[in-house]
Amino acid sequence: MTLPQRYFDELYAGDGDPWGFADRWYERRKRALTVALLPDDHYATAYEPGCSIGLLTRDLAARCGRLLATDVAPAAVTAAARRTADLPNVRVEAARLPGDWPAQTFELVVLSEVGYYFDQADARLVAARATASAGTLVAVHWRHPVEDYPCGGDAVHALLGEAAAGAGLTRLVHHLEDDLVADVWARDARSVAERTGLR
């Protein structure tokens, strides 16, 4: 079943950065890759569910007019709010998905390392809500199995791909490594070169 909030509360109680986002080269590289995959230079509105302690949030904020970042764990929300306190275009809130998915639409939605915490039913619902509300959807997930996680990264991206096709989004990027998978879907099917007048 979908991992309960207490799972994340216990992780953050034992370590303020339980996945080593701040220190690991793997994580720094993945954030740089995520931002580099964005097909547009700027987005007026963006949503980052599962923002954790706000490191990717800071990077995304430089490309967004308004960015909503949420997490289920109060400790993560506090850390992300503290880390982005100097950024007036960022709002950090507590939210539990899929039930607390915002009603509005966004030019950009970023799902980074969140999809495999949901069981199949909730993962399908998150995929449906993400693809319905996003002009551009970026997803990045770890591919190796983790005993605690109800879903795998590849399975999450398969569900997102199905939902994206149903919602009229085109896949612009499919990046695959042994460790991670990254996809970008968008309503605007043009390439970056086409968007910027290079062709």
# chains A, B, ... in the order shown; residues from 1 in each chain; ligands from 1

$ residues_around --residues "Ala46 (chain A)" --least-positions-apart "6" --cutoff "9 Å" --atoms "only C-alpha atoms" --output "list of chain:residue names"
A:Leu60, A:Ala61, A:Cys64, A:Gly65, A:Arg66, A:Leu67, A:Leu68, A:Ala69, A:Thr105, A:Phe106, A:Glu107, A:Leu108, A:Val109, A:Val110, A:Ala134

$ write_last_selection --atoms "all heavy atoms" --output "mmCIF file, in the first residue's frame"
data_model
loop_
_atom_site.group_PDB
_atom_site.id
_atom_site.type_symbol
_atom_site.label_atom_id
_atom_site.label_comp_id
_atom_site.auth_asym_id
_atom_site.auth_seq_id
_atom_site.Cartn_x
_atom_site.Cartn_y
_atom_site.Cartn_z
ATOM 1 N N LEU A 60 14.823 24.980 -9.236
ATOM 2 C CA LEU A 60 13.650 25.233 -10.067
ATOM 3 C C LEU A 60 13.173 26.678 -9.949
ATOM 4 O O LEU A 60 12.688 27.266 -10.923
ATOM 5 C CB LEU A 60 12.505 24.292 -9.672
ATOM 6 C CG LEU A 60 12.715 22.804 -9.957
ATOM 7 C CD1 LEU A 60 11.600 21.990 -9.321
ATOM 8 C CD2 LEU A 60 12.788 22.551 -11.454
ATOM 9 N N ALA A 61 13.318 27.254 -8.772
ATOM 10 C CA ALA A 61 12.825 28.621 -8.534
ATOM 11 C C ALA A 61 13.467 29.623 -9.473
ATOM 12 O O ALA A 61 12.836 30.621 -9.856
ATOM 13 C CB ALA A 61 13.070 29.017 -7.080
ATOM 14 N N CYS A 64 11.292 29.789 -12.593
ATOM 15 C CA CYS A 64 9.840 29.870 -12.436
ATOM 16 C C CYS A 64 9.400 31.223 -11.869
ATOM 17 O O CYS A 64 10.065 31.765 -10.985
ATOM 18 C CB CYS A 64 9.345 28.769 -11.492
ATOM 19 S SG CYS A 64 9.740 27.105 -12.057
ATOM 20 N N GLY A 65 8.265 31.695 -12.355
ATOM 21 C CA GLY A 65 7.684 32.899 -11.784
ATOM 22 C C GLY A 65 7.095 32.649 -10.414
ATOM 23 O O GLY A 65 7.343 33.393 -9.464
ATOM 24 N N ARG A 66 6.308 31.564 -10.298
ATOM 25 C CA ARG A 66 5.735 31.139 -9.019
ATOM 26 C C ARG A 66 5.875 29.623 -8.922
ATOM 27 O O ARG A 66 5.506 28.909 -9.841
ATOM 28 C CB ARG A 66 4.260 31.534 -8.907
ATOM 29 C CG ARG A 66 4.021 33.029 -8.865
ATOM 30 C CD ARG A 66 2.583 33.377 -8.456
ATOM 31 N NE ARG A 66 1.569 32.571 -9.107
ATOM 32 C CZ ARG A 66 1.073 32.802 -10.325
ATOM 33 N NH1 ARG A 66 1.506 33.799 -11.043
ATOM 34 N NH2 ARG A 66 0.118 32.022 -10.832
ATOM 35 N N LEU A 67 6.385 29.169 -7.792
ATOM 36 C CA LEU A 67 6.617 27.744 -7.579
ATOM 37 C C LEU A 67 5.979 27.310 -6.272
ATOM 38 O O LEU A 67 6.278 27.858 -5.214
ATOM 39 C CB LEU A 67 8.127 27.459 -7.544
ATOM 40 C CG LEU A 67 8.573 26.050 -7.137
ATOM 41 C CD1 LEU A 67 8.017 24.989 -8.077
ATOM 42 C CD2 LEU A 67 10.098 25.975 -7.072
ATOM 43 N N LEU A 68 5.081 26.325 -6.371
ATOM 44 C CA LEU A 68 4.496 25.691 -5.196
ATOM 45 C C LEU A 68 5.236 24.387 -4.948
ATOM 46 O O LEU A 68 5.325 23.532 -5.837
ATOM 47 C CB LEU A 68 3.009 25.408 -5.424
ATOM 48 C CG LEU A 68 2.311 24.552 -4.358
ATOM 49 C CD1 LEU A 68 2.319 25.244 -2.994
ATOM 50 C CD2 LEU A 68 0.886 24.207 -4.797
ATOM 51 N N ALA A 69 5.794 24.231 -3.743
ATOM 52 C CA ALA A 69 6.507 23.015 -3.355
ATOM 53 C C ALA A 69 5.809 22.415 -2.144
ATOM 54 O O ALA A 69 5.491 23.141 -1.191
ATOM 55 C CB ALA A 69 7.962 23.325 -3.038
ATOM 56 N N THR A 105 -4.024 24.453 -12.605
ATOM 57 C CA THR A 105 -3.082 23.928 -13.591
ATOM 58 C C THR A 105 -1.760 24.681 -13.464
ATOM 59 O O THR A 105 -1.709 25.781 -12.911
ATOM 60 C CB THR A 105 -3.627 24.069 -15.017
ATOM 61 O OG1 THR A 105 -3.883 25.453 -15.283
ATOM 62 C CG2 THR A 105 -4.903 23.267 -15.196
ATOM 63 N N PHE A 106 -0.696 24.064 -13.990
ATOM 64 C CA PHE A 106 0.648 24.630 -13.903
ATOM 65 C C PHE A 106 1.326 24.510 -15.260
ATOM 66 O O PHE A 106 1.133 23.531 -15.973
ATOM 67 C CB PHE A 106 1.488 23.890 -12.861
ATOM 68 C CG PHE A 106 0.911 23.898 -11.476
ATOM 69 C CD1 PHE A 106 0.043 22.892 -11.064
ATOM 70 C CD2 PHE A 106 1.220 24.919 -10.581
ATOM 71 C CE1 PHE A 106 -0.488 22.899 -9.784
ATOM 72 C CE2 PHE A 106 0.690 24.935 -9.302
ATOM 73 C CZ PHE A 106 -0.175 23.914 -8.910
ATOM 74 N N GLU A 107 2.164 25.481 -15.586
ATOM 75 C CA GLU A 107 2.956 25.350 -16.805
ATOM 76 C C GLU A 107 3.974 24.212 -16.676
ATOM 77 O O GLU A 107 4.320 23.579 -17.668
ATOM 78 C CB GLU A 107 3.680 26.660 -17.118
ATOM 79 C CG GLU A 107 2.744 27.759 -17.589
ATOM 80 C CD GLU A 107 3.466 28.980 -18.097
ATOM 81 O OE1 GLU A 107 4.722 28.982 -18.132
ATOM 82 O OE2 GLU A 107 2.789 29.949 -18.463
ATOM 83 N N LEU A 108 4.421 23.947 -15.438
ATOM 84 C CA LEU A 108 5.411 22.902 -15.189
ATOM 85 C C LEU A 108 5.058 22.128 -13.933
ATOM 86 O O LEU A 108 4.732 22.720 -12.905
ATOM 87 C CB LEU A 108 6.802 23.538 -15.021
ATOM 88 C CG LEU A 108 7.943 22.611 -14.597
ATOM 89 C CD1 LEU A 108 8.271 21.595 -15.688
ATOM 90 C CD2 LEU A 108 9.185 23.427 -14.221
ATOM 91 N N VAL A 109 5.134 20.801 -14.021
ATOM 92 C CA VAL A 109 5.035 19.925 -12.851
ATOM 93 C C VAL A 109 6.274 19.036 -12.851
ATOM 94 O O VAL A 109 6.638 18.469 -13.890
ATOM 95 C CB VAL A 109 3.764 19.058 -12.873
ATOM 96 C CG1 VAL A 109 3.783 18.036 -11.736
ATOM 97 C CG2 VAL A 109 2.514 19.935 -12.779
ATOM 98 N N VAL A 110 6.942 18.931 -11.699
ATOM 99 C CA VAL A 110 8.151 18.119 -11.571
ATOM 100 C C VAL A 110 7.920 17.036 -10.523
ATOM 101 O O VAL A 110 7.674 17.348 -9.348
ATOM 102 C CB VAL A 110 9.375 18.976 -11.186
ATOM 103 C CG1 VAL A 110 10.602 18.099 -10.990
ATOM 104 C CG2 VAL A 110 9.634 20.042 -12.245
ATOM 105 N N ALA A 134 -0.606 19.618 -15.978
ATOM 106 C CA ALA A 134 0.710 20.123 -16.400
ATOM 107 C C ALA A 134 0.726 20.516 -17.869
ATOM 108 O O ALA A 134 0.243 19.774 -18.725
ATOM 109 C CB ALA A 134 1.780 19.057 -16.152
#

$ residues_around --residues "region 95-98 of chain A" --least-positions-apart "2" --cutoff "9 Å" --atoms "only C-alpha atoms" --output "list in words"
Gln5, Pro49, Gly50, Thr70, Asp71, Val72, Ala73, Glu93, Asp100, Trp101, Phe118, Asp122, Ala123, Leu125, Val126 and Arg129 of chain A

$ write_last_selection --atoms "N, CA and C atoms" --output "mmCIF file, in the first residue's frame"
data_model
loop_
_atom_site.group_PDB
_atom_site.id
_atom_site.type_symbol
_atom_site.label_atom_id
_atom_site.label_comp_id
_atom_site.auth_asym_id
_atom_site.auth_seq_id
_atom_site.Cartn_x
_atom_site.Cartn_y
_atom_site.Cartn_z
ATOM 1 N N GLN A 5 2.402 8.480 6.249
ATOM 2 C CA GLN A 5 3.189 9.650 6.653
ATOM 3 C C GLN A 5 4.220 9.285 7.722
ATOM 4 N N PRO A 49 5.692 18.500 -6.142
ATOM 5 C CA PRO A 49 5.280 17.683 -4.988
ATOM 6 C C PRO A 49 6.440 16.831 -4.501
ATOM 7 N N GLY A 50 6.473 16.567 -3.207
ATOM 8 C CA GLY A 50 7.559 15.773 -2.651
ATOM 9 C C GLY A 50 8.882 16.511 -2.684
ATOM 10 N N THR A 70 5.548 21.111 -2.180
ATOM 11 C CA THR A 70 4.851 20.476 -1.062
ATOM 12 C C THR A 70 5.564 19.199 -0.636
ATOM 13 N N ASP A 71 5.311 18.800 0.599
ATOM 14 C CA ASP A 71 5.803 17.516 1.096
ATOM 15 C C ASP A 71 4.865 17.026 2.188
ATOM 16 N N VAL A 72 4.852 15.714 2.392
ATOM 17 C CA VAL A 72 3.989 15.127 3.404
ATOM 18 C C VAL A 72 4.586 15.248 4.803
ATOM 19 N N ALA A 73 5.919 15.342 4.909
ATOM 20 C CA ALA A 73 6.589 15.326 6.208
ATOM 21 C C ALA A 73 6.768 16.742 6.750
ATOM 22 N N GLU A 93 4.326 24.162 1.265
ATOM 23 C CA GLU A 93 3.165 23.754 2.048
ATOM 24 C C GLU A 93 3.217 22.257 2.338
ATOM 25 N N ASP A 100 -4.369 15.604 -1.810
ATOM 26 C CA ASP A 100 -4.153 17.053 -1.713
ATOM 27 C C ASP A 100 -3.589 17.672 -2.992
ATOM 28 N N TRP A 101 -3.762 17.002 -4.123
ATOM 29 C CA TRP A 101 -3.258 17.585 -5.382
ATOM 30 C C TRP A 101 -3.987 18.900 -5.636
ATOM 31 N N PHE A 118 3.801 5.295 -3.839
ATOM 32 C CA PHE A 118 2.366 5.021 -3.948
ATOM 33 C C PHE A 118 2.123 3.590 -4.415
ATOM 34 N N ASP A 122 -2.996 4.484 -6.235
ATOM 35 C CA ASP A 122 -2.635 5.876 -5.983
ATOM 36 C C ASP A 122 -1.656 6.402 -7.027
ATOM 37 N N ALA A 123 -0.737 5.536 -7.497
ATOM 38 C CA ALA A 123 0.203 5.956 -8.539
ATOM 39 C C ALA A 123 -0.541 6.320 -9.814
ATOM 40 N N LEU A 125 -3.588 7.452 -9.944
ATOM 41 C CA LEU A 125 -4.296 8.705 -9.666
ATOM 42 C C LEU A 125 -3.344 9.892 -9.730
ATOM 43 N N VAL A 126 -2.145 9.742 -9.158
ATOM 44 C CA VAL A 126 -1.143 10.806 -9.240
ATOM 45 C C VAL A 126 -0.770 11.065 -10.699
ATOM 46 N N ARG A 129 -3.601 12.996 -12.361
ATOM 47 C CA ARG A 129 -3.673 14.391 -11.916
ATOM 48 C C ARG A 129 -2.488 15.199 -12.427
#

$ select_by_dssp --residues "region 56-194 of chain A" --states "alpha helix (DSSP H)" --output "PyMOL selection string"
chain A and resi 56-61+74-83+120-133+153-166+192-194

$ select_by_dssp --residues "chain A" --states "strand (DSSP E or B)" --output "NGL selection string"
:A and (43-49 or 64-71 or 90-94 or 106-112 or 134-142 or 170-176 or 180-186)

$ closest_residue --among "A:Pro145, A:Gly152, A:Gly54, A:Pro39" --to "Leu172 (chain A)" --atoms "only C-alpha atoms"
A:Pro39

$ closest_residue --among "A:Ala80, A:Asp17, A:Val140, A:Gly153" --to "Val35 (chain A)" --atoms "only C-alpha atoms"
A:Val140

$ atom_distance --atom1 "CA of Trp185 (chain A)" --atom2 "CA of Met1 (chain A)"
27.1 Å

$ closest_residue --among "A:Arg91, A:Gly20, A:Asp86, A:Ser191" --to "Leu38 (chain A)" --atoms "only C-alpha atoms"
A:Ser191

$ residues_around --residues "region 163-169 of chain A" --least-positions-apart "5" --cutoff "6 Å" --atoms "only C-alpha atoms" --output "PyMOL selection string"
chain A and resi 127-128+131+185-187

$ closest_residue --among "A:His174, A:His141, A:Arg195, A:His42" --to "Ser112 (chain A)" --atoms "only C-alpha atoms"
A:His141

$ residues_around --residues "Val181 (chain A)" --least-positions-apart "5" --cutoff "12 Å" --atoms "only C-alpha atoms" --output "list in words"
Lys30, Leu33, Thr34, Leu111, Ser112, Glu113, Val138, Ala139, Val140, His141, Trp142, Arg143, His144, Gly152, Gly153, Asp154, Ala155, Val156, His157, Ala158, Val173, His174, His175 and Leu176 of chain A

$ closest_residue --among "A:Arg190, A:Arg28, A:Arg82, A:Arg6" --to "Thr170 (chain A)" --atoms "only C-alpha atoms"
A:Arg190

$ atom_distance --atom1 "CA of Gly161 (chain A)" --atom2 "CA of Val77 (chain A)"
28.9 Å
